[in-house]
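Novice: Pasting protein.cif here (mmCIF, C-alpha atoms):
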```cif
data_entry
#
loop_
_atom_site.label_atom_id
_atom_site.label_comp_id
_atom_site.auth_asym_id
_atom_site.auth_seq_id
_atom_site.Cartn_x
_atom_site.Cartn_y
_atom_site.Cartn_z
CA MET A 113 194.75 -30.38 -58.56
CA ASP A 114 197.71 -28.83 -56.81
CA GLN A 115 200.42 -29.28 -59.39
CA SER A 116 203.28 -28.02 -57.26
CA ALA A 117 204.34 -31.58 -56.46
CA LEU A 118 204.69 -32.22 -60.17
CA ASP A 119 206.83 -29.18 -60.86
CA VAL A 120 210.07 -31.06 -61.02
CA PRO A 121 212.44 -30.65 -63.93
CA PRO A 122 212.62 -33.60 -66.30
CA LYS A 123 215.83 -35.48 -65.79
CA GLU A 124 215.54 -38.67 -67.76
CA ALA A 125 217.39 -37.96 -70.97
CA ILE A 126 217.49 -40.80 -73.44
CA SER A 127 219.78 -41.35 -76.41
CA GLU A 128 222.42 -39.06 -77.86
CA PRO A 129 223.67 -36.37 -75.47
CA SER A 130 224.64 -33.98 -78.26
CA VAL A 131 221.14 -33.65 -79.68
CA ALA A 132 219.42 -30.29 -79.25
CA VAL A 133 215.83 -31.25 -80.02
CA THR A 134 213.76 -32.97 -77.34
CA LEU A 135 210.56 -34.96 -77.55
CA TYR A 136 209.04 -34.75 -74.09
CA VAL A 137 206.57 -37.50 -73.29
CA CYS A 138 204.22 -37.24 -70.32
CA VAL A 139 204.52 -40.46 -68.34
CA THR A 140 201.68 -39.61 -65.96
CA CYS A 141 199.01 -39.39 -68.69
CA LEU A 142 196.10 -41.70 -67.97
CA ALA A 143 194.23 -41.30 -71.28
CA GLY A 144 191.05 -42.48 -69.63
CA ALA A 145 192.64 -45.37 -67.75
CA ASP A 146 192.14 -45.96 -64.05
CA ARG A 147 194.39 -43.84 -61.82
CA GLU A 148 195.88 -47.04 -60.41
CA ALA A 149 196.89 -48.29 -63.86
CA GLU A 150 200.48 -49.46 -63.80
CA PRO A 151 202.27 -48.69 -66.00
CA ARG A 152 200.23 -45.70 -67.03
CA PRO A 153 199.41 -45.22 -70.73
CA GLY A 154 201.83 -42.28 -70.85
CA ARG A 155 204.67 -44.40 -69.49
CA ARG A 156 203.86 -47.14 -71.99
CA LEU A 157 203.92 -44.63 -74.84
CA HIS A 158 207.27 -43.27 -73.65
CA ASP A 159 208.79 -46.72 -73.36
CA ALA A 160 207.49 -47.75 -76.78
CA LEU A 161 209.01 -44.63 -78.33
CA VAL A 162 212.37 -45.30 -76.71
CA ASP A 163 212.35 -48.91 -77.85
CA ALA A 164 211.39 -47.94 -81.39
CA GLN A 165 214.06 -45.25 -81.56
CA ARG A 166 216.70 -47.67 -80.32
CA GLY A 167 215.66 -50.10 -83.03
CA GLN A 168 216.31 -47.63 -85.82
CA ASP A 169 219.34 -47.94 -88.05
CA THR A 170 220.18 -44.24 -88.10
CA PRO A 171 221.52 -42.21 -85.16
CA PRO A 172 218.72 -40.36 -83.36
CA SER A 173 218.30 -36.69 -84.20
CA PHE A 174 216.34 -35.92 -81.03
CA ARG A 175 216.19 -36.96 -77.40
CA ILE A 176 213.18 -38.66 -75.83
CA VAL A 177 212.66 -37.42 -72.28
CA ALA A 178 210.05 -38.51 -69.76
CA VAL A 179 208.24 -35.69 -67.95
CA GLU A 180 205.51 -35.63 -65.33
CA CYS A 181 202.50 -33.64 -66.49
CA LEU A 182 202.30 -31.34 -69.49
CA SER A 183 199.02 -29.90 -68.15
CA ASN A 184 197.12 -31.45 -71.02
CA CYS A 185 195.41 -34.09 -68.91
CA ASP A 186 192.08 -33.98 -70.77
CA HIS A 187 193.76 -34.96 -74.02
CA GLY A 188 196.40 -37.47 -72.99
CA CYS A 189 198.56 -39.12 -73.92
CA SER A 190 200.59 -36.00 -74.54
CA ALA A 191 203.98 -35.18 -76.01
CA ALA A 192 205.83 -31.96 -76.79
CA LEU A 193 208.55 -31.08 -79.26
CA THR A 194 210.98 -28.30 -78.48
CA GLY A 195 214.49 -27.12 -79.22
CA PRO A 196 216.56 -23.97 -78.88
CA GLY A 197 215.44 -21.29 -81.33
CA ARG A 198 212.51 -23.38 -82.48
CA TRP A 199 208.75 -23.14 -82.19
CA SER A 200 207.51 -25.66 -79.61
CA TYR A 201 204.50 -27.89 -80.22
CA ILE A 202 202.36 -29.95 -77.93
CA TYR A 203 200.30 -32.86 -79.19
CA GLY A 204 197.46 -34.76 -77.55
CA ASP A 205 195.25 -37.82 -77.90
CA LEU A 206 198.30 -39.98 -78.61
CA GLY A 207 198.65 -43.70 -78.04
CA GLN A 208 200.62 -46.78 -78.96
CA ALA A 209 199.46 -46.40 -82.56
CA SER A 210 201.17 -43.00 -82.71
CA VAL A 211 204.73 -44.27 -82.21
CA ASP A 212 205.88 -44.44 -85.83
CA ASP A 213 204.33 -41.10 -86.78
CA LEU A 214 205.73 -39.43 -83.68
CA LEU A 215 209.25 -40.59 -84.51
CA ALA A 216 208.91 -39.56 -88.16
CA GLY A 217 207.43 -36.17 -87.29
CA ALA A 218 210.04 -35.46 -84.65
CA SER A 219 212.81 -36.30 -87.12
CA ARG A 220 211.38 -33.81 -89.59
CA TYR A 221 211.11 -31.22 -86.84
CA ALA A 222 214.73 -31.83 -85.84
CA ALA A 223 215.82 -31.29 -89.43
CA THR A 224 214.49 -27.72 -89.40
CA ALA A 225 216.19 -24.68 -87.92
CA ASP A 226 213.00 -23.09 -86.59
CA GLY A 227 210.70 -26.04 -85.89
CA LEU A 228 208.34 -25.19 -88.74
CA VAL A 229 207.79 -28.32 -90.80
CA PRO A 230 205.83 -27.64 -94.01
CA TRP A 231 202.19 -28.48 -93.41
CA ARG A 232 201.99 -31.27 -95.98
CA GLU A 233 205.09 -32.97 -94.56
CA ARG A 234 203.61 -33.26 -91.10
CA PRO A 235 202.20 -36.64 -90.05
CA MET A 236 198.43 -36.62 -89.68
CA ILE A 237 198.69 -36.87 -85.89
CA PHE A 238 200.64 -33.60 -85.94
CA ARG A 239 197.98 -31.91 -88.06
CA LYS A 240 194.98 -33.23 -86.16
CA GLY A 241 196.45 -33.64 -82.71
CA VAL A 242 198.13 -30.31 -82.15
CA ILE A 243 197.02 -28.79 -78.86
CA ALA A 244 199.02 -25.59 -79.12
CA ARG A 245 202.32 -24.15 -80.26
CA ILE A 246 204.60 -21.57 -78.67
CA PRO A 247 207.13 -19.35 -80.46
CA PRO A 248 210.81 -19.62 -79.60
CA SER A 249 211.89 -18.30 -76.22
CA SER A 250 214.15 -15.85 -77.94
CA PRO A 251 217.00 -14.35 -75.94
CA PRO A 252 217.01 -10.63 -75.25
CA VAL A 253 217.21 -8.60 -78.44
CA MET B 160 193.25 -25.21 -92.31
CA ASP B 161 196.58 -24.94 -94.06
CA GLN B 162 198.62 -23.10 -91.49
CA SER B 163 201.71 -22.65 -93.61
CA ALA B 164 200.70 -19.08 -94.41
CA LEU B 165 200.67 -18.34 -90.71
CA ASP B 166 204.11 -19.78 -90.03
CA VAL B 167 205.85 -16.45 -89.86
CA PRO B 168 208.08 -15.55 -86.94
CA PRO B 169 206.64 -12.96 -84.56
CA LYS B 170 208.36 -9.65 -85.07
CA GLU B 171 206.43 -7.12 -83.10
CA ALA B 172 208.40 -6.69 -79.90
CA ILE B 173 206.95 -4.24 -77.44
CA SER B 174 208.58 -2.54 -74.47
CA GLU B 175 212.04 -3.10 -73.01
CA PRO B 176 214.52 -4.74 -75.38
CA SER B 177 216.61 -6.22 -72.56
CA VAL B 178 213.82 -8.37 -71.16
CA ALA B 179 214.18 -12.12 -71.58
CA VAL B 180 210.61 -13.22 -70.83
CA THR B 181 207.96 -12.87 -73.52
CA LEU B 182 204.19 -12.89 -73.32
CA TYR B 183 203.02 -13.88 -76.78
CA VAL B 184 199.46 -12.87 -77.58
CA CYS B 185 197.62 -14.35 -80.56
CA VAL B 186 196.15 -11.46 -82.53
CA THR B 187 194.23 -13.70 -84.93
CA CYS B 188 192.08 -15.31 -82.22
CA LEU B 189 188.38 -14.91 -82.94
CA ALA B 190 187.01 -16.22 -79.63
CA GLY B 191 183.70 -16.92 -81.29
CA ALA B 192 183.52 -13.65 -83.17
CA ASP B 193 182.77 -13.41 -86.88
CA ARG B 194 185.80 -13.98 -89.10
CA GLU B 195 185.37 -10.49 -90.49
CA ALA B 196 185.56 -8.91 -87.05
CA GLU B 197 187.97 -6.00 -87.09
CA PRO B 198 189.88 -5.68 -84.89
CA ARG B 199 189.75 -9.31 -83.86
CA PRO B 200 189.30 -10.14 -80.18
CA GLY B 201 192.90 -11.35 -80.03
CA ARG B 202 194.18 -8.05 -81.39
CA ARG B 203 192.03 -6.16 -78.90
CA LEU B 204 193.42 -8.25 -76.04
CA HIS B 205 196.97 -7.62 -77.23
CA ASP B 206 196.43 -3.89 -77.50
CA ALA B 207 194.77 -3.70 -74.10
CA LEU B 208 197.72 -5.53 -72.54
CA VAL B 209 200.21 -3.18 -74.17
CA ASP B 210 198.25 -0.14 -73.01
CA ALA B 211 197.97 -1.47 -69.47
CA GLN B 212 201.65 -2.32 -69.30
CA ARG B 213 202.60 1.14 -70.54
CA GLY B 214 200.41 2.63 -67.83
CA GLN B 215 202.28 0.88 -65.04
CA ASP B 216 204.69 2.77 -62.81
CA THR B 217 207.35 0.08 -62.76
CA PRO B 218 209.59 -0.91 -65.69
CA PRO B 219 208.21 -3.98 -67.49
CA SER B 220 209.80 -7.32 -66.65
CA PHE B 221 208.56 -9.01 -69.82
CA ARG B 222 207.88 -8.20 -73.45
CA ILE B 223 204.43 -8.37 -75.03
CA VAL B 224 204.67 -9.69 -78.58
CA ALA B 225 201.89 -10.15 -81.11
CA VAL B 226 201.85 -13.50 -82.91
CA GLU B 227 199.60 -15.01 -85.54
CA CYS B 228 198.10 -18.31 -84.38
CA LEU B 229 199.14 -20.36 -81.39
CA SER B 230 197.14 -23.34 -82.74
CA ASN B 231 194.70 -23.03 -79.87
CA CYS B 232 191.86 -21.71 -81.99
CA ASP B 233 189.09 -23.57 -80.14
CA HIS B 234 189.98 -21.84 -76.89
CA GLY B 235 190.87 -18.31 -77.93
CA CYS B 236 191.82 -15.77 -76.97
CA SER B 237 195.21 -17.34 -76.35
CA ALA B 238 198.51 -16.21 -74.88
CA ALA B 239 201.80 -17.96 -74.08
CA LEU B 240 204.55 -17.25 -71.60
CA THR B 241 208.10 -18.31 -72.38
CA GLY B 242 211.68 -17.43 -71.64
CA PRO B 243 215.13 -18.99 -71.96
CA GLY B 244 215.60 -21.86 -69.51
CA ARG B 245 211.99 -21.66 -68.37
CA TRP B 246 208.95 -23.87 -68.67
CA SER B 247 206.56 -22.39 -71.26
CA TYR B 248 202.84 -22.10 -70.64
CA ILE B 249 199.92 -21.50 -72.95
CA TYR B 250 196.62 -20.14 -71.70
CA GLY B 251 193.22 -20.04 -73.34
CA ASP B 252 189.71 -18.62 -73.00
CA LEU B 253 191.14 -15.18 -72.29
CA GLY B 254 189.46 -11.84 -72.87
CA GLN B 255 189.47 -8.19 -71.93
CA ALA B 256 188.68 -9.14 -68.34
CA SER B 257 191.95 -11.10 -68.18
CA VAL B 258 194.29 -8.14 -68.67
CA ASP B 259 195.15 -7.38 -65.05
CA ASP B 260 195.61 -11.03 -64.10
CA LEU B 261 197.71 -11.70 -67.20
CA LEU B 262 200.07 -8.84 -66.36
CA ALA B 263 200.32 -9.88 -62.71
CA GLY B 264 200.88 -13.55 -63.57
CA ALA B 265 203.46 -12.75 -66.21
CA SER B 266 205.36 -10.57 -63.73
CA ARG B 267 205.48 -13.44 -61.26
CA TYR B 268 206.64 -15.77 -64.02
CA ALA B 269 209.37 -13.32 -65.01
CA ALA B 270 210.57 -13.20 -61.42
CA THR B 271 211.36 -16.94 -61.46
CA ALA B 272 214.43 -18.59 -62.93
CA ASP B 273 212.57 -21.65 -64.26
CA GLY B 274 209.06 -20.36 -64.97
CA LEU B 275 207.51 -22.35 -62.12
CA VAL B 276 205.36 -20.00 -60.06
CA PRO B 277 204.06 -21.61 -56.85
CA TRP B 278 200.53 -22.85 -57.47
CA ARG B 279 198.87 -20.61 -54.90
CA GLU B 280 200.59 -17.51 -56.28
CA ARG B 281 199.19 -18.05 -59.76
CA PRO B 282 196.20 -15.94 -60.82
CA MET B 283 193.02 -17.95 -61.20
CA ILE B 284 193.11 -17.61 -64.99
CA PHE B 285 196.50 -19.34 -64.93
CA ARG B 286 195.15 -22.19 -62.81
CA LYS B 287 191.91 -22.67 -64.73
CA GLY B 288 192.95 -21.52 -68.19
CA VAL B 289 196.15 -23.45 -68.74
CA ILE B 290 196.01 -25.34 -72.01
CA ALA B 291 199.42 -26.98 -71.75
CA ARG B 292 202.98 -26.45 -70.60
CA ILE B 293 206.27 -27.40 -72.18
CA PRO B 294 209.60 -27.94 -70.39
CA PRO B 295 212.58 -25.74 -71.25
CA SER B 296 214.20 -26.28 -74.62
CA SER B 297 217.42 -27.16 -72.90
CA PRO B 298 220.63 -26.92 -74.88
CA PRO B 299 222.62 -30.07 -75.58
CA VAL B 300 223.88 -31.68 -72.38
#
```
For the file at hand, write its structure as structure tokens.
Specialist:
Amino acid sequence: MDQSALDVPPKEAISEPSVAVTLYVCVTCLAGADREAEPRPGRRLHDALVDAQRGQDTPPSFRIVAVECLSNCDHGCSAALTGPGRWSYIYGDLGQASVDDLLAGASRYAATADGLVPWRERPMIFRKGVIARIPPSSPPV
Amino acid sequence: MDQSALDVPPKEAISEPSVAVTLYVCVTCLAGADREAEPRPGRRLHDALVDAQRGQDTPPSFRIVAVECLSNCDHGCSAALTGPGRWSYIYGDLGQASVDDLLAGASRYAATADGLVPWRERPMIFRKGVIARIPPSSPPV
């Protein structure tokens, strides 16, 4: 697939503007569904996450942002956690059942300075569903 | 596997200190080798990249940094490209034969402002070997 058409920066920031941590959710993920599926499973996961976050009593500690393609198409639905100075993580094989764990795991991630949540505090979907992680994009030293 | 023991920040910066883009190379990747292999295939890939970069005539446009575990163990050897304000990419199924393409692809990545190299300018290992990509960890907006 020529991905150049998908190389557009994500623009759809949800929730608090002052929050540094972002949960990117791929809205083009098919997760085995037909290409004509509308809305796509990725979009449905994104929307469910936004709804669930809005329903929480506490102010959000991370933004939920829709993005087109995280290049993890074989293991969609996909989501990625990132923030300045933090390790970034990408997770796969997600679905509607992952919403609560995703929100809980992202909150724990946001509470760290470096993105490294102790292993036993990570939701199971973060332990089993991690596709890869990337160290911080540190500034010049 | 309990990865907490591996959650140490990468410290081994190679080459120019003023360079913002980093090519992280997992030095614990086994790529199918025996766990007792010494050096591990990931370490050998890292060292070959450093040697090849040092042998180039032009000043390096990115750092090569050793890191322990990119959580892509099933598709090692693994490497990740990242830089402030840029999309990050992680690549898998790399080996000694990938050295030249990795250096060329990382140079093209470093020449961009956002990490998005036009599809047709990406080395084949970047097109075929991409495991995932993550949008920039943008600061608060």
Novice: Return the single residue from A:Thr134, A:Ser210, A:Ser250, A:Thr224 that is closest to Pro172 in chain A, with distances computed using all atoms listed in the file.
Specialist: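 Of all the options, A:Thr134 lies closest to Pro172 in chain A.
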Novice: Restricting the calculation to all atoms listed in the file, which member of A:Arg155, A:Arg147, A:Arg198, A:Arg234 is positioned closest to Ser296 in chain B?
Specialist: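 Of A:Arg155, A:Arg147, A:Arg198, A:Arg234, the one nearest Ser296 in chain B, counting all atoms listed in the file, is A:Arg198.
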Novice: Would you translate the PyMOL selection byres ((chain A and resi 205-207) around 6) into the concrete set of residues it matches in this file, as a PyMOL selection string?
Specialist: chain A and resi 187-189+204+208-210
Novice: Write the residues of the preceding selection, restricted to C-alpha atoms, as a PDB file, in the frame of the given file.
Specialist:
```pdb
ATOM      1  CA  HIS A 187     193.760 -34.960 -74.020  1.00  0.00           C
ATOM      2  CA  GLY A 188     196.400 -37.470 -72.990  1.00  0.00           C
ATOM      3  CA  CYS A 189     198.560 -39.120 -73.920  1.00  0.00           C
ATOM      4  CA  GLY A 204     197.460 -34.760 -77.550  1.00  0.00           C
ATOM      5  CA  GLN A 208     200.620 -46.780 -78.960  1.00  0.00           C
ATOM      6  CA  ALA A 209     199.460 -46.400 -82.560  1.00  0.00           C
ATOM      7  CA  SER A 210     201.170 -43.000 -82.710  1.00  0.00           C
TER       8      SER A 210
END
```
Novice: Using only C-alpha atoms, which of the listed residues (A:Pro153, A:Gly167, A:Gly241, A:Pro230) sits closest to chain B?
Specialist: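 Of the candidates, the smallest distance to chain B is held by A:Pro230.
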Novice: Residues within 12 Å of Val276 in chain B, please, as JSON, numbers by chain. Count only C-alpha atoms; anything in the same chain fewer than 6 positions from it doesn't count.
Specialist: {"A": [115, 116, 119], "B": [240, 245, 246, 247, 248, 263, 264, 265, 266, 267, 268, 269, 270, 282, 285, 286]}
Novice: Would you kindly translate the PyMOL selection byres ((chain B and resi 250) around 6) into the concrete residues it picks from this file, as a ChimeraX atom specification?
Specialist: /B:237-238,249,251,288-290
Novice: Write out the residues from the selection above, keeping C-alpha atoms, as a tab-separated table (two decimals), keeping the file's coordinate frame.
Specialist:
```
chain	number	residue	atom	x	y	z
B	237	SER	CA	195.21	-17.34	-76.35
B	238	ALA	CA	198.51	-16.21	-74.88
B	249	ILE	CA	199.92	-21.50	-72.95
B	251	GLY	CA	193.22	-20.04	-73.34
B	288	GLY	CA	192.95	-21.52	-68.19
B	289	VAL	CA	196.15	-23.45	-68.74
B	290	ILE	CA	196.01	-25.34	-72.01
```
Novice: From the options A:Ala192, A:Val139, A:Leu215, A:Leu161, which residue's atoms come nearest to chain B, counting all atoms listed in the file?
Specialist: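 Of the candidates, the smallest distance to chain B is held by A:Ala192.
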Novice: Go through B:Ala192, B:Leu182, B:Ile293, B:Ala272 one by one, measure the shortest atom-to-atom distance of each to Gln212 in chain B using all atoms listed in the file, and give the residue with the smallest value.
Specialist: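 Among the listed residues, B:Leu182 lies closest to Gln212 in chain B.
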Novice: Point out the residue among B:Glu197, B:Glu227, B:Asp259, B:Asp206 with the least atom-to-atom distance to chain A, counting all atoms listed in the file.
Specialist: B:Glu227
Novice: Between CA of Pro248 in chain A and CA of Ala132 in chain A, measure the distance and give it in Å to one decimal.
Specialist: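 Computing it gives 13.7 Å between the two atoms.
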Novice: At what distance in Å, to one decimal, does CA of Leu182 in chain A lie from CA of Arg279 in chain B?
Specialist: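 Computed distance, CA of Arg279 in chain B to CA of Leu182 in chain A, equals 18.4 Å.
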Novice: Find the distance between CA of Gln215 in chain B and CA of Gly242 in chain B and write it in Å to one decimal.
Specialist: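 According to the coordinates, CA of Gln215 in chain B and CA of Gly242 in chain B are separated by 21.6 Å.
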Novice: Report as lines of an AutoDock Vina configuration file the centre and the edge lengths, in Å to one decimal, of the axis-aligned box holding every listed atom of range 193-197 of chain B, padded by 6 Å on each side.
Specialist:
```
center_x = 185.4
center_y = -10.0
center_z = -88.7
size_x = 17.2
size_y = 20.0
size_z = 15.6
```
Novice: Selection in question (the file shown): the PyMOL selection byres ((chain B and resi 184) around 6). Which residues does it include, as number ranges by chain?
Specialist: B: 183, 185, 205, 225-226, 238
